[in-house]
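Notes to accompany the following structure.
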Amino acid sequence: MVDATVASAGPERDTLPKLLMHNARIRPTLPAYREKDYGIWQTWSWREVEAEIFRMAAGLAELGFKRGDRMAIVGDNRPQLYWSMVAAQVLGGVPVPVYQDSVADEMVFVLEHAEVTFAMVEDQEQVDKLLECRTKGARVDHIIYEDPRGLRNYREEGVHALSAVLDSGARRLGREPDFAATEAKQGSGADLALMAYTSGTTGKPKGVMLTFDNLLTVARAAAEMEGLSERDEILAYLPMAWVGDFAFSVAQAYLCGFTVNCPESGETLLIDLREIGPTYLFSPPRIFENLLTTVMIRMEDAGSFKRRLFHYFMDHARTVGVALMDGRPVSLVDRLKYWLGELLVYGPLKNVLGFSRIRLAYTAGEAIGPEIFDFYRSIGINLKQIYGSTEASVFITVQPNGEVKPDTVGRPYPGVEIRIAENGEVMFKSAGVFAAYYKNDEATRETKTDDGWVHTGDAGLLDGDGHLKIIDRAKDVGHLNNGTMFAPKYIENKLKFFPFIKEAVAFGHERDYAAAFINIDLEAVGNWAERINLAYAGYADLASRPEVYAQIKDCVEKVNADLAQDDLLAGGQIRRFLILHKELDADDGELTRTRKVRRKFVAEKYAPQIAALYDEQVSEVYCETEVTQEDGRKYMIKADLRISPAKTFDPVRKAG
Amino acid sequence: MSQAEASPAGPAPGEVLLKVDNISLSFGGVRALTNISFDVMKGEIRAIIGPNGAGKSSMLNVINGFYHPQEGTITYKGETRRKMKPHQAARTGIARTFQNIALFKGMSALENIMTGRNTVMAHNPFTAAVYLGPAKRSEIHHREVCERIIDFLEIEAIRKTPVGRLPYGLQKRVELGRALAAEPEMLLLDEPMAGMNLEEKEDMCRFILDVNEEFGTTMVLIEHDMGVVMDISDRVVVLDYGRKLADGPPDQVRNDPDVIDAYLGVAHD
């Protein structure tokens, strides 16, 4: 047995195509991909996947795909799209995954910048978008689609059905059986493996160039540390354009030989999650939040006996669950009670959520609320925060087993070094450090030092145990006019930990005091409104209700009380806030595609409303905003927004 | 989904599939339809429009045999009849959806769509009760057809949800699914977009066009939304007070002075 778990390095396995051949050889019949289609999970073994990818590669070569060509990948998580990435790599090309929900204007930039000539897309929606991109100047000679529905009568040049490409590939392999394998063997670890465009919190997206060595070295170190093996199962549902999905669903899947499961559609995610019961899961905090909110809402509707049983055992889990998970001593009585709880509550609950088999769950991207975090850990789910970036091929730090502190992102992965620069910025160095930004030397020089250290742009600090704590984006940390430090993200995260608040934007840099915009969470607030018999017409109406304002004010004041505990941040308490009449939306440019607030854009767009927050004479402000629909059409919505004051607290002086 | 069930003698695309001649229908003293004649070509999307009470739904009901006209004939696939019977219509490949959704509220979306297979199911209750061999194979086949429809209409997420709990737009989609399950040659849609919001309407248009394109299904649809009608239909019949006002391609109908007077009020452009 050479290696049953993580494939070791070496020139035979230094690229993904070579790892594919390795897997097809040593675990030919194990499931590599599953996709739910027509209501049934369809499975492809490693041997079948190799055959599919080789046919695809040969078909691409027939269309003229050459070494160094770029191929855009646009669509939901479909096995065929994952295979097309590796098929491009077999031929020495570079996949460029693009966010499938971007509108044509955003897409055109990436397609042009990356000089994309081929595109592998999911369906008609994406074909239409790419054809529109063509008229706007992107080259994209060949567009290959997976789902032929609605595309029968398309006569545009260079639009091909994947099935036709596979057929021509099969003919090529009939003539030259070793074609794809020979091509695959020409690659090496130093080759460019992926161009991932950063979501662009600031300005235009940047194309991060990552080599096989970058991606595989850190993914291998992380997989070894966490003990991942071919028996693991993951659910691939995060955007393919996000580098994390590539690291988990492609790099680690090929290294360990585990199974990647593709859900039937975005809406069936929770059903599919439950059916598959993954052992390894990555989710941004908002998914864990949503799941918890759903559970809590459903418990409110349950019978009183069930509700009491649930709360009784959840209280118990809260007291001893985390200690049990971390291996700290717990009394025998408490252990027995926890065991009973597992039988009656935690086990069934995990089953409903699809978490019964989870060995390892990661979360990252945003800070996760301590209550949510502890909830999952207390019922026995090994949820850990990681910290990473595209420039690092994802993995930088992780909370180590048994030493999880909710407010830190843990210690560096093996092979990663971190340090804090003088201005408080976190820097790292590892084998995963990206080669360069494509066609942007200036940005590369700004981000990467000559000796290989990378600026993350995040302000952070190391605590006594060497755990990293992230405060905010370094450039967002500002100061109030009286000199107090103002960390908007820190405040916003505290606000967002309340279930009623979906999104918040805090202002305060070079101002007299801090103020905030609030987005309510329609589901949570709507459900509460229903329970107290508050009728409302829609989002904007609900957001303007005085009852809702009172609830939100309560939340804001709790955050203020919390901030008052901290000498450094006590001055940054929120004096005034308003509730926005619409959700901040990526389609309107207010959020990035990964749902991070684009602070500068919001500040410009809502300038009059911000001015009103700082004019204590004003208690209401008119607002007219343009809303973009999914298909790119726009309409205006208007509302009068009320501004509410909030109580602030004196800083708590610590004794001594 | 194949058109295997279609009779071999059926007309080719572009030929007349259905022709109604001088149809008159009255309920007591109320003349619902007076001397209506028009035809439907195979593979086209044909719209029937008109103000409230113009007789649009009555016309559909005549076509699939719900109402029996006092005068006139219906020629379907070359066979001329005085009147249709609903089961004849269903057996010969006419399926429909209703203005007021007529689904089994307590059954899941999948089960509702399965009921649409009823006309093409061959086994009897006895073989089905034993559920061996042929019965089992055919059940699997029918389920496969339904799953393809579910995939086509993108309703995977509600497959197992009782339809009574679904929002209106999705119920309409399930109803379309049930009609498709019969693998119809001609599909009658009674106000498929009534009560929908813009996004749901756009989705529905997409599905109608896709069904037409993928399966070559002939569509006869009644619709209020002029924008929708003008965008997706090949030819339009305009009814007013039970009479035919105009008949032709959307552009021609749009500019017809009678139609403008009676229905549109003002020219759209």
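Scheme for the structure tokens: letters A, B, ... for chains in order shown; per-chain residue numbers from 1; ligand numbers from 1 in order shown.
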**Message:** Applying 10 Å and only C-alpha atoms, which residues near Glu267 of chain A remain after dropping the ones on its own chain fewer than 2 positions away? List them as a list in words.
**Reply:** Pro263, Glu264, Ser265, Leu269, Leu270, Ile271 and Asp272 of chain A; Glu154, Ile155, Glu156, Ala157 and Ile158 of chain B
**Request:** Might you pull out every residue within 12 Å of Glu233 of chain A, with only C-alpha atoms counted and same-chain residues fewer than 4 positions away left off, and present them as a ChimeraX atom specification?
**Result:** /A:30-34,228-229,248-249,252-253,256-262,273,275-282,355,357-361
**Request:** Dump as number ranges by chain the residues of chain B that approach chain A to within 9 Å, counting only C-alpha atoms.
**Result:** B: 144, 146-152, 154, 156-159, 206, 209-211, 213-214
Selection to disk with N, CA, C and O atoms, as an mmCIF file, in the first residue's frame:
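Final output, result-v5.cif:
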```cif
data_model
loop_
_atom_site.group_PDB
_atom_site.id
_atom_site.type_symbol
_atom_site.label_atom_id
_atom_site.label_comp_id
_atom_site.auth_asym_id
_atom_site.auth_seq_id
_atom_site.Cartn_x
_atom_site.Cartn_y
_atom_site.Cartn_z
ATOM 1 N N GLU B 144 -39.521 8.205 -14.360
ATOM 2 C CA GLU B 144 -38.402 8.821 -15.076
ATOM 3 C C GLU B 144 -38.899 9.993 -15.924
ATOM 4 O O GLU B 144 -38.295 11.062 -15.929
ATOM 5 N N CYS B 146 -41.541 11.756 -15.411
ATOM 6 C CA CYS B 146 -41.928 12.843 -14.506
ATOM 7 C C CYS B 146 -40.707 13.571 -13.972
ATOM 8 O O CYS B 146 -40.710 14.789 -13.836
ATOM 9 N N GLU B 147 -39.644 12.812 -13.664
ATOM 10 C CA GLU B 147 -38.432 13.449 -13.144
ATOM 11 C C GLU B 147 -37.807 14.350 -14.200
ATOM 12 O O GLU B 147 -37.252 15.403 -13.883
ATOM 13 N N ARG B 148 -37.922 13.969 -15.443
ATOM 14 C CA ARG B 148 -37.394 14.821 -16.506
ATOM 15 C C ARG B 148 -38.185 16.119 -16.595
ATOM 16 O O ARG B 148 -37.638 17.187 -16.848
ATOM 17 N N ILE B 149 -39.497 15.995 -16.380
ATOM 18 C CA ILE B 149 -40.326 17.202 -16.400
ATOM 19 C C ILE B 149 -39.974 18.106 -15.218
ATOM 20 O O ILE B 149 -39.852 19.321 -15.360
ATOM 21 N N ILE B 150 -39.771 17.481 -14.054
ATOM 22 C CA ILE B 150 -39.401 18.249 -12.861
ATOM 23 C C ILE B 150 -38.094 18.993 -13.102
ATOM 24 O O ILE B 150 -37.944 20.166 -12.788
ATOM 25 N N ASP B 151 -37.149 18.280 -13.716
ATOM 26 C CA ASP B 151 -35.862 18.891 -14.030
ATOM 27 C C ASP B 151 -36.054 20.038 -15.019
ATOM 28 O O ASP B 151 -35.505 21.118 -14.868
ATOM 29 N N PHE B 152 -36.898 19.798 -16.000
ATOM 30 C CA PHE B 152 -37.143 20.789 -17.043
ATOM 31 C C PHE B 152 -37.769 22.057 -16.464
ATOM 32 O O PHE B 152 -37.398 23.173 -16.820
ATOM 33 N N GLU B 154 -37.582 23.008 -13.409
ATOM 34 C CA GLU B 154 -36.785 23.467 -12.269
ATOM 35 C C GLU B 154 -37.592 23.525 -10.980
ATOM 36 O O GLU B 154 -37.619 24.536 -10.287
ATOM 37 N N GLU B 156 -37.234 20.969 -8.641
ATOM 38 C CA GLU B 156 -36.662 19.881 -7.840
ATOM 39 C C GLU B 156 -36.904 20.095 -6.350
ATOM 40 O O GLU B 156 -37.167 19.155 -5.612
ATOM 41 N N ALA B 157 -36.811 21.358 -5.940
ATOM 42 C CA ALA B 157 -36.856 21.634 -4.498
ATOM 43 C C ALA B 157 -38.224 21.350 -3.900
ATOM 44 O O ALA B 157 -38.339 21.183 -2.694
ATOM 45 N N ILE B 158 -39.277 21.307 -4.722
ATOM 46 C CA ILE B 158 -40.614 21.119 -4.172
ATOM 47 C C ILE B 158 -41.197 19.778 -4.562
ATOM 48 O O ILE B 158 -42.383 19.540 -4.402
ATOM 49 N N ARG B 159 -40.345 18.894 -5.058
ATOM 50 C CA ARG B 159 -40.786 17.580 -5.521
ATOM 51 C C ARG B 159 -41.722 16.906 -4.520
ATOM 52 O O ARG B 159 -42.761 16.383 -4.876
ATOM 53 N N ARG B 206 -40.427 31.593 -20.567
ATOM 54 C CA ARG B 206 -39.257 30.775 -20.908
ATOM 55 C C ARG B 206 -39.676 29.305 -21.043
ATOM 56 O O ARG B 206 -39.323 28.625 -21.990
ATOM 57 N N LEU B 209 -41.818 28.685 -24.180
ATOM 58 C CA LEU B 209 -40.978 28.663 -25.380
ATOM 59 C C LEU B 209 -40.126 27.407 -25.434
ATOM 60 O O LEU B 209 -39.958 26.792 -26.484
ATOM 61 N N ASP B 210 -39.589 27.013 -24.269
ATOM 62 C CA ASP B 210 -38.718 25.843 -24.230
ATOM 63 C C ASP B 210 -39.493 24.567 -24.541
ATOM 64 O O ASP B 210 -39.002 23.693 -25.251
ATOM 65 N N VAL B 211 -40.699 24.449 -23.968
ATOM 66 C CA VAL B 211 -41.521 23.266 -24.234
ATOM 67 C C VAL B 211 -41.792 23.187 -25.731
ATOM 68 O O VAL B 211 -41.655 22.142 -26.370
ATOM 69 N N GLU B 213 -40.092 24.468 -28.141
ATOM 70 C CA GLU B 213 -38.896 24.208 -28.927
ATOM 71 C C GLU B 213 -38.383 22.785 -28.725
ATOM 72 O O GLU B 213 -38.073 22.086 -29.692
ATOM 73 N N GLU B 214 -38.320 22.351 -27.471
ATOM 74 C CA GLU B 214 -37.723 21.048 -27.170
ATOM 75 C C GLU B 214 -38.604 19.898 -27.653
ATOM 76 O O GLU B 214 -38.120 18.929 -28.200
#
```
**Prompt:** Smallest atom-to-atom distance to Glu342 of chain A: which of A:Thr182, A:Ser378, A:Ser619, A:Thr363, using only C-alpha atoms?
**Reply:** A:Ser378
**Request:** Mind the document's chain letters and residue numbers, and return as a PyMOL selection string the residues of segment 600-635 of chain A that DSSP labels helix (DSSP H, G or I).
**Result:** chain A and resi 600-605+607-613
**Message:** When DSSP is applied to the backbone of this structure, which of segment 10-60 of chain B are assigned strand (DSSP E)? Write them out as a PyMOL selection string.
**Reply:** chain B and resi 16-27+30-41+45-49
Keeping N, CA, C and O atoms for every residue in the selection just given, could you write it to a file as a compact mmCIF listing (two decimals), in the first residue's frame?
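As a result, again-v7.txt now contains:
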```txt
# COMPACT_ATOMS: atom_id res chain seq x y z
N VAL B 16 -51.86 22.04 -40.79
CA VAL B 16 -52.96 22.32 -39.86
C VAL B 16 -53.18 21.12 -38.94
O VAL B 16 -53.34 20.00 -39.39
N LEU B 17 -53.14 21.40 -37.63
CA LEU B 17 -53.35 20.34 -36.65
C LEU B 17 -54.81 20.36 -36.19
O LEU B 17 -55.44 19.33 -36.05
N LEU B 18 -55.30 21.56 -35.97
CA LEU B 18 -56.67 21.70 -35.47
C LEU B 18 -57.34 22.81 -36.25
O LEU B 18 -56.73 23.84 -36.55
N LYS B 19 -58.63 22.57 -36.58
CA LYS B 19 -59.36 23.59 -37.31
C LYS B 19 -60.74 23.64 -36.71
O LYS B 19 -61.39 22.61 -36.54
N VAL B 20 -61.20 24.82 -36.30
CA VAL B 20 -62.58 24.94 -35.85
C VAL B 20 -63.34 25.76 -36.89
O VAL B 20 -62.82 26.76 -37.41
N ASP B 21 -64.54 25.28 -37.23
CA ASP B 21 -65.33 25.93 -38.28
C ASP B 21 -66.67 26.38 -37.74
O ASP B 21 -67.43 25.56 -37.24
N ASN B 22 -66.93 27.67 -37.88
CA ASN B 22 -68.25 28.22 -37.56
C ASN B 22 -68.83 27.75 -36.23
O ASN B 22 -69.98 27.36 -36.13
N ILE B 23 -67.98 27.78 -35.21
CA ILE B 23 -68.45 27.32 -33.91
C ILE B 23 -69.37 28.36 -33.28
O ILE B 23 -69.03 29.54 -33.20
N SER B 24 -70.55 27.91 -32.86
CA SER B 24 -71.44 28.77 -32.08
C SER B 24 -71.84 28.02 -30.83
O SER B 24 -72.13 26.82 -30.86
N LEU B 25 -71.82 28.75 -29.72
CA LEU B 25 -72.12 28.13 -28.43
C LEU B 25 -72.99 29.10 -27.65
O LEU B 25 -72.67 30.29 -27.58
N SER B 26 -74.10 28.61 -27.13
CA SER B 26 -74.87 29.49 -26.26
C SER B 26 -75.35 28.74 -25.04
O SER B 26 -75.53 27.52 -25.06
N PHE B 27 -75.47 29.48 -23.96
CA PHE B 27 -76.01 28.95 -22.72
C PHE B 27 -77.38 29.61 -22.56
O PHE B 27 -77.44 30.79 -22.21
N VAL B 30 -77.79 33.23 -23.73
CA VAL B 30 -76.50 33.94 -23.81
C VAL B 30 -75.66 33.34 -24.92
O VAL B 30 -75.35 32.15 -24.90
N ARG B 31 -75.30 34.17 -25.90
CA ARG B 31 -74.45 33.69 -26.98
C ARG B 31 -72.99 33.84 -26.53
O ARG B 31 -72.47 34.95 -26.48
N ALA B 32 -72.35 32.73 -26.20
CA ALA B 32 -70.96 32.82 -25.73
C ALA B 32 -70.02 32.92 -26.92
O ALA B 32 -69.05 33.68 -26.90
N LEU B 33 -70.30 32.15 -27.97
CA LEU B 33 -69.46 32.18 -29.16
C LEU B 33 -70.35 32.23 -30.39
O LEU B 33 -71.36 31.53 -30.44
N THR B 34 -69.98 33.04 -31.37
CA THR B 34 -70.78 33.14 -32.59
C THR B 34 -69.87 32.96 -33.80
O THR B 34 -68.96 33.77 -34.02
N ASN B 35 -70.13 31.89 -34.54
CA ASN B 35 -69.44 31.67 -35.82
C ASN B 35 -67.93 31.86 -35.76
O ASN B 35 -67.36 32.64 -36.53
N ILE B 36 -67.31 31.16 -34.86
CA ILE B 36 -65.85 31.30 -34.75
C ILE B 36 -65.17 30.25 -35.62
O ILE B 36 -65.49 29.07 -35.53
N SER B 37 -64.22 30.71 -36.44
CA SER B 37 -63.41 29.78 -37.23
C SER B 37 -61.95 30.21 -37.13
O SER B 37 -61.65 31.40 -37.26
N PHE B 38 -61.11 29.26 -36.86
CA PHE B 38 -59.67 29.53 -37.01
C PHE B 38 -58.95 28.20 -37.02
O PHE B 38 -59.56 27.15 -36.80
N ASP B 39 -57.67 28.23 -37.31
CA ASP B 39 -56.93 26.97 -37.30
C ASP B 39 -55.64 27.11 -36.50
O ASP B 39 -55.21 28.20 -36.19
N VAL B 40 -55.09 25.97 -36.13
CA VAL B 40 -53.83 25.93 -35.39
C VAL B 40 -52.88 25.04 -36.15
O VAL B 40 -53.21 23.90 -36.46
N MET B 41 -51.71 25.57 -36.48
CA MET B 41 -50.71 24.78 -37.20
C MET B 41 -49.91 23.96 -36.21
O MET B 41 -49.70 24.38 -35.07
N ILE B 45 -47.19 28.52 -31.60
CA ILE B 45 -47.78 29.04 -30.37
C ILE B 45 -48.88 30.00 -30.80
O ILE B 45 -48.64 31.02 -31.44
N ARG B 46 -50.10 29.61 -30.47
CA ARG B 46 -51.26 30.34 -30.94
C ARG B 46 -51.92 30.99 -29.73
O ARG B 46 -52.21 30.30 -28.74
N ALA B 47 -52.16 32.27 -29.77
CA ALA B 47 -52.78 32.94 -28.63
C ALA B 47 -54.21 33.31 -28.94
O ALA B 47 -54.55 33.63 -30.07
N ILE B 48 -55.07 33.22 -27.92
CA ILE B 48 -56.43 33.74 -28.03
C ILE B 48 -56.53 34.87 -27.02
O ILE B 48 -56.31 34.65 -25.83
N ILE B 49 -56.83 36.06 -27.50
CA ILE B 49 -56.94 37.18 -26.57
C ILE B 49 -58.30 37.84 -26.71
O ILE B 49 -59.05 37.58 -27.66
```
Compile the contact shell of Phe179 of chain A as a compact mmCIF listing (two decimals) with N, CA and C atoms, in the first residue's frame: residues with an atom at most 8 Å away, counting only C-alpha atoms, same-chain residues fewer than 4 positions apart removed.
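Full text of around-v5.txt as output:
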```txt
# COMPACT_ATOMS: atom_id res chain seq x y z
N ALA A 58 -9.54 15.83 -25.13
CA ALA A 58 -9.32 15.55 -26.55
C ALA A 58 -10.28 16.38 -27.41
N LEU A 173 -9.58 10.12 -29.45
CA LEU A 173 -8.95 9.09 -28.63
C LEU A 173 -8.99 7.73 -29.32
N GLU A 183 -0.38 14.16 -23.02
CA GLU A 183 -0.47 15.61 -22.75
C GLU A 183 -0.36 15.86 -21.25
```
**Message:** So the first atom is atom CA of Asp407 of chain A and the second is atom CA of Pro370 of chain A; what is the distance between them in Å, to one decimal place?
**Reply:**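 Separation between atom CA of Asp407 of chain A and atom CA of Pro370 of chain A: 7.4 Å.
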**Asked** From the set A:Ala196, A:Leu383, A:Ile73, A:Val6, which residue has the shortest atom-to-atom contact distance to Ala223 of chain A, counting only C-alpha atoms?
**Response**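 Ranked by minimum distance to Ala223 of chain A, first place goes to A:Val6.
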